[in-house]
Amino acid sequence: MTATAPRTDWTRDEIAALFDLPFNDLLFEAQSIHRANFPRNEVQLSTLLSIKTGGCPEDCGYCSQSTEAESGLKATKLMDVQAVLQAAAQAKDHGSGRFCMGAAWRNPKERDMPKLIEMVKGVRQMGMETCMTLGMLSADQAKQLADAGLDYYNHNIDTSPENYANVITTRTFADRIETLENVRTAGINVCCGGIVGMGETRSDRIGFLHALGTMPHPESVPINALVPVAGTVLGDMLKDTPLAKIDEVEFVRTVAVARIVMPQSMVRLSAGRESMSEACQALCFMAGANSIFTGDKLLTAANAGDDKDSALLSKLGLTPMMAQPHGHLEAAE
């Protein structure tokens, strides 16, 4: 199979048909497409740091950082620039090529921008790719971050448009799309994915990938498995039910379909990996996943850890992908 230009005209029926393929056929097609577009045994290692934790006014049902959650999480102030750069240096020492910085905000305030800009510049000077997730961005804020050299901005759509209001009510699906448009117009690469295992149906997973596959494809697509946190709406709702953990075969199917629909996007295994078996993760790599978050923590959730990840990659014969911190988009006129 040869690399072909990505399509943005996918139909839901086409994506549903991919989900329905026999498992081996689906993985064969996904791996073939992966090999046509990426080095076959390389995985990008990324590290995610919470630079401002808790106190978010959004009511995202999965998030322990929401003021609506009763998770016991205490809000913190924005970290000092030097502390963030020290964390980035440690991540680089452990093999990470991308450093992602997340703040629990609805949107950043203008008073925060100078610090954020210094963080971006400092991490880039280390030769790492930079990524931030700060909530909604205005066009001017996106331009400021682009001018600082931000490589990627993460803003997930979370789920299908139809299921969105069941997860979040304080902002709309259209609000998400507006921020993505501001980011892309500024020339910043887009990191956009979502969460599965929130009690959604396969139809919702089809709708989620259809939404991603019919926009300009995000350069990075994180696929999260819900970590049900006590005190959050979804964590409490799904507790002690069969829906509290997505079936591993269905999760692998979702990864494989994402790879086929978005052949040139990085597909990242994100939250929830610490509870996945090694076999499940290996199948995800076979299905075309080529990026993981490494380290002991993802914002506030536990993660597998550097040593465990290193052992798994070694067992599978996978090697870290080199950072490429200068791949900006062409800013819109």
# chains A, B, ... in the order shown; residues from 1 in each chain; ligands from 1
call {"tool": "residues_around", "arguments": {"residues": "Arg12 in chain A", "least_positions_apart": "4", "cutoff": "12 Å", "atoms": "only C-alpha atoms", "output": "number ranges by chain"}}
result
A: 8, 16-19, 160, 202-214, 257, 261
call {"tool": "residues_around", "arguments": {"residues": "range 291-294 of chain A", "least_positions_apart": "5", "cutoff": "10 Å", "atoms": "only C-alpha atoms", "output": "VMD selection string"}}
result
chain A and resid 42 to 48 91 94 to 96 98 to 100 220 to 223 266 to 271 273 285 303 to 310 320 to 321
call {"tool": "residues_around", "arguments": {"residues": "Glu181 in chain A", "least_positions_apart": "3", "cutoff": "10 Å", "atoms": "only C-alpha atoms", "output": "ChimeraX atom specification"}}
result
/A:137-139,142,175-178,184-187,190,216
call {"tool": "select_by_dssp", "arguments": {"residues": "range 11-191 of chain A", "states": "strand (DSSP E)", "output": "number ranges by chain"}}
result
A: 42-52, 98-103, 129-133, 152-154, 189-191
call {"tool": "closest_residue", "arguments": {"among": "A:Pro6, A:Gly122, A:Pro39, A:Pro218", "to": "Ile157 in chain A", "atoms": "only C-alpha atoms"}}
result
A:Pro218
call {"tool": "residues_around", "arguments": {"residues": "Ile33 in chain A", "least_positions_apart": "3", "cutoff": "12 Å", "atoms": "only C-alpha atoms", "output": "MDAnalysis selection string"}}
result
chainID A and resid 1:6 26:30 36:40 256:265 286:289
call {"tool": "residues_around", "arguments": {"residues": "Gly199 in chain A", "least_positions_apart": "4", "cutoff": "12 Å", "atoms": "only C-alpha atoms", "output": "VMD selection string"}}
result
chain A and resid 61 to 62 159 163 166 to 167 195 203 to 205 225 to 228 233 to 239 241 to 247
call {"tool": "closest_residue", "arguments": {"among": "A:Ile51, A:Leu316, A:Cys280, A:Ala174", "to": "Met136 in chain A", "atoms": "only C-alpha atoms"}}
result
A:Ala174
call {"tool": "atom_distance", "arguments": {"atom1": "CA of Thr319 in chain A", "atom2": "CA of Ala279 in chain A"}}
result
17.6 Å
call {"tool": "closest_residue", "arguments": {"among": "A:Gly231, A:Pro114, A:Met79, A:Tyr164", "to": "Ser64 in chain A", "atoms": "only C-alpha atoms"}}
result
A:Gly231
call {"tool": "residues_around", "arguments": {"residues": "Arg111 in chain A", "least_positions_apart": "5", "cutoff": "12 Å", "atoms": "only C-alpha atoms", "output": "compact mmCIF listing (two decimals) with N, CA and C atoms, in the first residue's frame"}}
result
# COMPACT_ATOMS: atom_id res chain seq x y z
N LEU A 78 -0.53 29.42 38.49
CA LEU A 78 0.34 29.12 37.36
C LEU A 78 1.78 28.97 37.84
N LEU A 116 3.47 32.35 29.69
CA LEU A 116 3.28 31.25 28.76
C LEU A 116 4.24 31.36 27.58
N ILE A 117 4.44 32.56 27.10
CA ILE A 117 5.35 32.79 25.98
C ILE A 117 6.78 32.43 26.37
N GLN A 141 -4.60 35.58 20.94
CA GLN A 141 -3.79 34.72 21.81
C GLN A 141 -3.10 33.63 21.02
call {"tool": "select_by_dssp", "arguments": {"residues": "range 170-224 of chain A", "states": "helix (DSSP H, G or I)", "output": "ChimeraX atom specification"}}
result
/A:173-186,202-213
call {"tool": "decode", "arguments": {"residues": "range 3-19 of chain A", "atoms": "all heavy atoms", "output": "PDB file, in the first residue's frame"}}
result
ATOM      1  N   ALA A   3       1.407   5.591   0.249  1.00  0.00           N
ATOM      2  CA  ALA A   3       0.831   6.746   0.924  1.00  0.00           C
ATOM      3  C   ALA A   3      -0.043   7.524  -0.047  1.00  0.00           C
ATOM      4  O   ALA A   3       0.330   7.750  -1.189  1.00  0.00           O
ATOM      5  CB  ALA A   3       1.942   7.630   1.473  1.00  0.00           C
ATOM      6  N   THR A   4      -1.206   7.921   0.405  1.00  0.00           N
ATOM      7  CA  THR A   4      -2.114   8.717  -0.416  1.00  0.00           C
ATOM      8  C   THR A   4      -2.501   9.966   0.347  1.00  0.00           C
ATOM      9  O   THR A   4      -2.367  10.029   1.570  1.00  0.00           O
ATOM     10  CB  THR A   4      -3.376   7.917  -0.778  1.00  0.00           C
ATOM     11  OG1 THR A   4      -4.011   7.476   0.429  1.00  0.00           O
ATOM     12  CG2 THR A   4      -3.035   6.714  -1.640  1.00  0.00           C
ATOM     13  N   ALA A   5      -2.983  10.973  -0.390  1.00  0.00           N
ATOM     14  CA  ALA A   5      -3.395  12.213   0.252  1.00  0.00           C
ATOM     15  C   ALA A   5      -4.570  11.938   1.187  1.00  0.00           C
ATOM     16  O   ALA A   5      -5.494  11.198   0.829  1.00  0.00           O
ATOM     17  CB  ALA A   5      -3.787  13.234  -0.804  1.00  0.00           C
ATOM     18  N   PRO A   6      -4.558  12.523   2.380  1.00  0.00           N
ATOM     19  CA  PRO A   6      -5.667  12.300   3.317  1.00  0.00           C
ATOM     20  C   PRO A   6      -6.991  12.796   2.734  1.00  0.00           C
ATOM     21  O   PRO A   6      -7.041  13.786   2.019  1.00  0.00           O
ATOM     22  CB  PRO A   6      -5.259  13.137   4.537  1.00  0.00           C
ATOM     23  CG  PRO A   6      -3.780  13.281   4.438  1.00  0.00           C
ATOM     24  CD  PRO A   6      -3.481  13.342   2.982  1.00  0.00           C
ATOM     25  N   ARG A   7      -8.049  12.078   3.047  1.00  0.00           N
ATOM     26  CA  ARG A   7      -9.399  12.449   2.639  1.00  0.00           C
ATOM     27  C   ARG A   7     -10.101  13.197   3.764  1.00  0.00           C
ATOM     28  O   ARG A   7      -9.917  12.882   4.933  1.00  0.00           O
ATOM     29  CB  ARG A   7     -10.219  11.197   2.331  1.00  0.00           C
ATOM     30  CG  ARG A   7      -9.826  10.411   1.119  1.00  0.00           C
ATOM     31  CD  ARG A   7     -10.665   9.128   1.061  1.00  0.00           C
ATOM     32  NE  ARG A   7     -12.112   9.401   1.223  1.00  0.00           N
ATOM     33  CZ  ARG A   7     -13.019   8.449   1.451  1.00  0.00           C
ATOM     34  NH1 ARG A   7     -12.651   7.194   1.579  1.00  0.00           N
ATOM     35  NH2 ARG A   7     -14.299   8.769   1.571  1.00  0.00           N
ATOM     36  N   THR A   8     -10.932  14.146   3.406  1.00  0.00           N
ATOM     37  CA  THR A   8     -11.785  14.799   4.397  1.00  0.00           C
ATOM     38  C   THR A   8     -13.261  14.650   4.025  1.00  0.00           C
ATOM     39  O   THR A   8     -14.107  15.390   4.540  1.00  0.00           O
ATOM     40  CB  THR A   8     -11.429  16.293   4.533  1.00  0.00           C
ATOM     41  OG1 THR A   8     -11.517  16.927   3.249  1.00  0.00           O
ATOM     42  CG2 THR A   8     -10.028  16.475   5.094  1.00  0.00           C
ATOM     43  N   ASP A   9     -13.535  13.682   3.151  1.00  0.00           N
ATOM     44  CA  ASP A   9     -14.923  13.471   2.709  1.00  0.00           C
ATOM     45  C   ASP A   9     -15.478  12.134   3.204  1.00  0.00           C
ATOM     46  O   ASP A   9     -16.378  11.548   2.587  1.00  0.00           O
ATOM     47  CB  ASP A   9     -15.026  13.555   1.188  1.00  0.00           C
ATOM     48  CG  ASP A   9     -14.187  12.492   0.462  1.00  0.00           C
ATOM     49  OD1 ASP A   9     -13.356  11.834   1.126  1.00  0.00           O
ATOM     50  OD2 ASP A   9     -14.361  12.332  -0.767  1.00  0.00           O
ATOM     51  N   TRP A  10     -14.950  11.638   4.314  1.00  0.00           N
ATOM     52  CA  TRP A  10     -15.434  10.381   4.868  1.00  0.00           C
ATOM     53  C   TRP A  10     -16.914  10.485   5.229  1.00  0.00           C
ATOM     54  O   TRP A  10     -17.373  11.511   5.739  1.00  0.00           O
ATOM     55  CB  TRP A  10     -14.648  10.030   6.132  1.00  0.00           C
ATOM     56  CG  TRP A  10     -13.239   9.610   5.874  1.00  0.00           C
ATOM     57  CD1 TRP A  10     -12.127  10.406   5.886  1.00  0.00           C
ATOM     58  CD2 TRP A  10     -12.783   8.286   5.573  1.00  0.00           C
ATOM     59  NE1 TRP A  10     -11.000   9.661   5.605  1.00  0.00           N
ATOM     60  CE2 TRP A  10     -11.375   8.362   5.408  1.00  0.00           C
ATOM     61  CE3 TRP A  10     -13.419   7.060   5.424  1.00  0.00           C
ATOM     62  CZ2 TRP A  10     -10.594   7.252   5.108  1.00  0.00           C
ATOM     63  CZ3 TRP A  10     -12.652   5.946   5.128  1.00  0.00           C
ATOM     64  CH2 TRP A  10     -11.248   6.051   4.971  1.00  0.00           C
ATOM     65  N   THR A  11     -17.643   9.408   5.004  1.00  0.00           N
ATOM     66  CA  THR A  11     -19.032   9.342   5.458  1.00  0.00           C
ATOM     67  C   THR A  11     -19.097   8.489   6.721  1.00  0.00           C
ATOM     68  O   THR A  11     -18.207   7.670   6.984  1.00  0.00           O
ATOM     69  CB  THR A  11     -19.944   8.723   4.389  1.00  0.00           C
ATOM     70  OG1 THR A  11     -19.603   7.328   4.228  1.00  0.00           O
ATOM     71  CG2 THR A  11     -19.789   9.455   3.057  1.00  0.00           C
ATOM     72  N   ARG A  12     -20.153   8.660   7.462  1.00  0.00           N
ATOM     73  CA  ARG A  12     -20.317   7.838   8.666  1.00  0.00           C
ATOM     74  C   ARG A  12     -20.472   6.370   8.306  1.00  0.00           C
ATOM     75  O   ARG A  12     -19.987   5.494   9.037  1.00  0.00           O
ATOM     76  CB  ARG A  12     -21.516   8.321   9.475  1.00  0.00           C
ATOM     77  CG  ARG A  12     -21.277   9.674  10.141  1.00  0.00           C
ATOM     78  CD  ARG A  12     -22.368  10.011  11.114  1.00  0.00           C
ATOM     79  NE  ARG A  12     -22.105  11.310  11.722  1.00  0.00           N
ATOM     80  CZ  ARG A  12     -22.230  11.566  13.017  1.00  0.00           C
ATOM     81  NH1 ARG A  12     -22.615  10.603  13.843  1.00  0.00           N
ATOM     82  NH2 ARG A  12     -21.985  12.760  13.489  1.00  0.00           N
ATOM     83  N   ASP A  13     -21.136   6.101   7.199  1.00  0.00           N
ATOM     84  CA  ASP A  13     -21.302   4.705   6.785  1.00  0.00           C
ATOM     85  C   ASP A  13     -19.951   4.066   6.482  1.00  0.00           C
ATOM     86  O   ASP A  13     -19.730   2.887   6.813  1.00  0.00           O
ATOM     87  CB  ASP A  13     -22.210   4.618   5.552  1.00  0.00           C
ATOM     88  CG  ASP A  13     -23.679   4.853   5.888  1.00  0.00           C
ATOM     89  OD1 ASP A  13     -24.023   4.806   7.089  1.00  0.00           O
ATOM     90  OD2 ASP A  13     -24.467   5.088   4.957  1.00  0.00           O
ATOM     91  N   GLU A  14     -19.042   4.808   5.853  1.00  0.00           N
ATOM     92  CA  GLU A  14     -17.710   4.273   5.558  1.00  0.00           C
ATOM     93  C   GLU A  14     -16.944   3.970   6.848  1.00  0.00           C
ATOM     94  O   GLU A  14     -16.275   2.935   6.963  1.00  0.00           O
ATOM     95  CB  GLU A  14     -16.917   5.262   4.715  1.00  0.00           C
ATOM     96  CG  GLU A  14     -17.352   5.365   3.271  1.00  0.00           C
ATOM     97  CD  GLU A  14     -16.561   6.398   2.508  1.00  0.00           C
ATOM     98  OE1 GLU A  14     -16.419   7.527   3.014  1.00  0.00           O
ATOM     99  OE2 GLU A  14     -16.064   6.085   1.416  1.00  0.00           O
ATOM    100  N   ILE A  15     -17.040   4.871   7.808  1.00  0.00           N
ATOM    101  CA  ILE A  15     -16.334   4.671   9.075  1.00  0.00           C
ATOM    102  C   ILE A  15     -16.961   3.516   9.849  1.00  0.00           C
ATOM    103  O   ILE A  15     -16.261   2.692  10.452  1.00  0.00           O
ATOM    104  CB  ILE A  15     -16.325   5.976   9.895  1.00  0.00           C
ATOM    105  CG1 ILE A  15     -15.500   7.032   9.156  1.00  0.00           C
ATOM    106  CG2 ILE A  15     -15.771   5.738  11.298  1.00  0.00           C
ATOM    107  CD1 ILE A  15     -15.543   8.417   9.776  1.00  0.00           C
ATOM    108  N   ALA A  16     -18.286   3.408   9.807  1.00  0.00           N
ATOM    109  CA  ALA A  16     -18.972   2.283  10.460  1.00  0.00           C
ATOM    110  C   ALA A  16     -18.535   0.963   9.840  1.00  0.00           C
ATOM    111  O   ALA A  16     -18.339  -0.047  10.547  1.00  0.00           O
ATOM    112  CB  ALA A  16     -20.481   2.454  10.351  1.00  0.00           C
ATOM    113  N   ALA A  17     -18.348   0.950   8.522  1.00  0.00           N
ATOM    114  CA  ALA A  17     -17.924  -0.276   7.842  1.00  0.00           C
ATOM    115  C   ALA A  17     -16.516  -0.683   8.276  1.00  0.00           C
ATOM    116  O   ALA A  17     -16.219  -1.881   8.382  1.00  0.00           O
ATOM    117  CB  ALA A  17     -17.977  -0.077   6.325  1.00  0.00           C
ATOM    118  N   LEU A  18     -15.659   0.291   8.535  1.00  0.00           N
ATOM    119  CA  LEU A  18     -14.318  -0.029   9.035  1.00  0.00           C
ATOM    120  C   LEU A  18     -14.407  -0.688  10.416  1.00  0.00           C
ATOM    121  O   LEU A  18     -13.733  -1.682  10.688  1.00  0.00           O
ATOM    122  CB  LEU A  18     -13.459   1.237   9.113  1.00  0.00           C
ATOM    123  CG  LEU A  18     -13.058   1.878   7.783  1.00  0.00           C
ATOM    124  CD1 LEU A  18     -12.320   3.191   8.026  1.00  0.00           C
ATOM    125  CD2 LEU A  18     -12.170   0.925   6.970  1.00  0.00           C
ATOM    126  N   PHE A  19     -15.231  -0.140  11.293  1.00  0.00           N
ATOM    127  CA  PHE A  19     -15.411  -0.728  12.627  1.00  0.00           C
ATOM    128  C   PHE A  19     -15.907  -2.169  12.537  1.00  0.00           C
ATOM    129  O   PHE A  19     -15.587  -2.997  13.391  1.00  0.00           O
ATOM    130  CB  PHE A  19     -16.394   0.101  13.450  1.00  0.00           C
ATOM    131  CG  PHE A  19     -15.767   1.166  14.305  1.00  0.00           C
ATOM    132  CD1 PHE A  19     -15.699   2.484  13.871  1.00  0.00           C
ATOM    133  CD2 PHE A  19     -15.245   0.864  15.557  1.00  0.00           C
ATOM    134  CE1 PHE A  19     -15.139   3.475  14.657  1.00  0.00           C
ATOM    135  CE2 PHE A  19     -14.681   1.841  16.361  1.00  0.00           C
ATOM    136  CZ  PHE A  19     -14.626   3.155  15.908  1.00  0.00           C
TER     137      PHE A  19
END
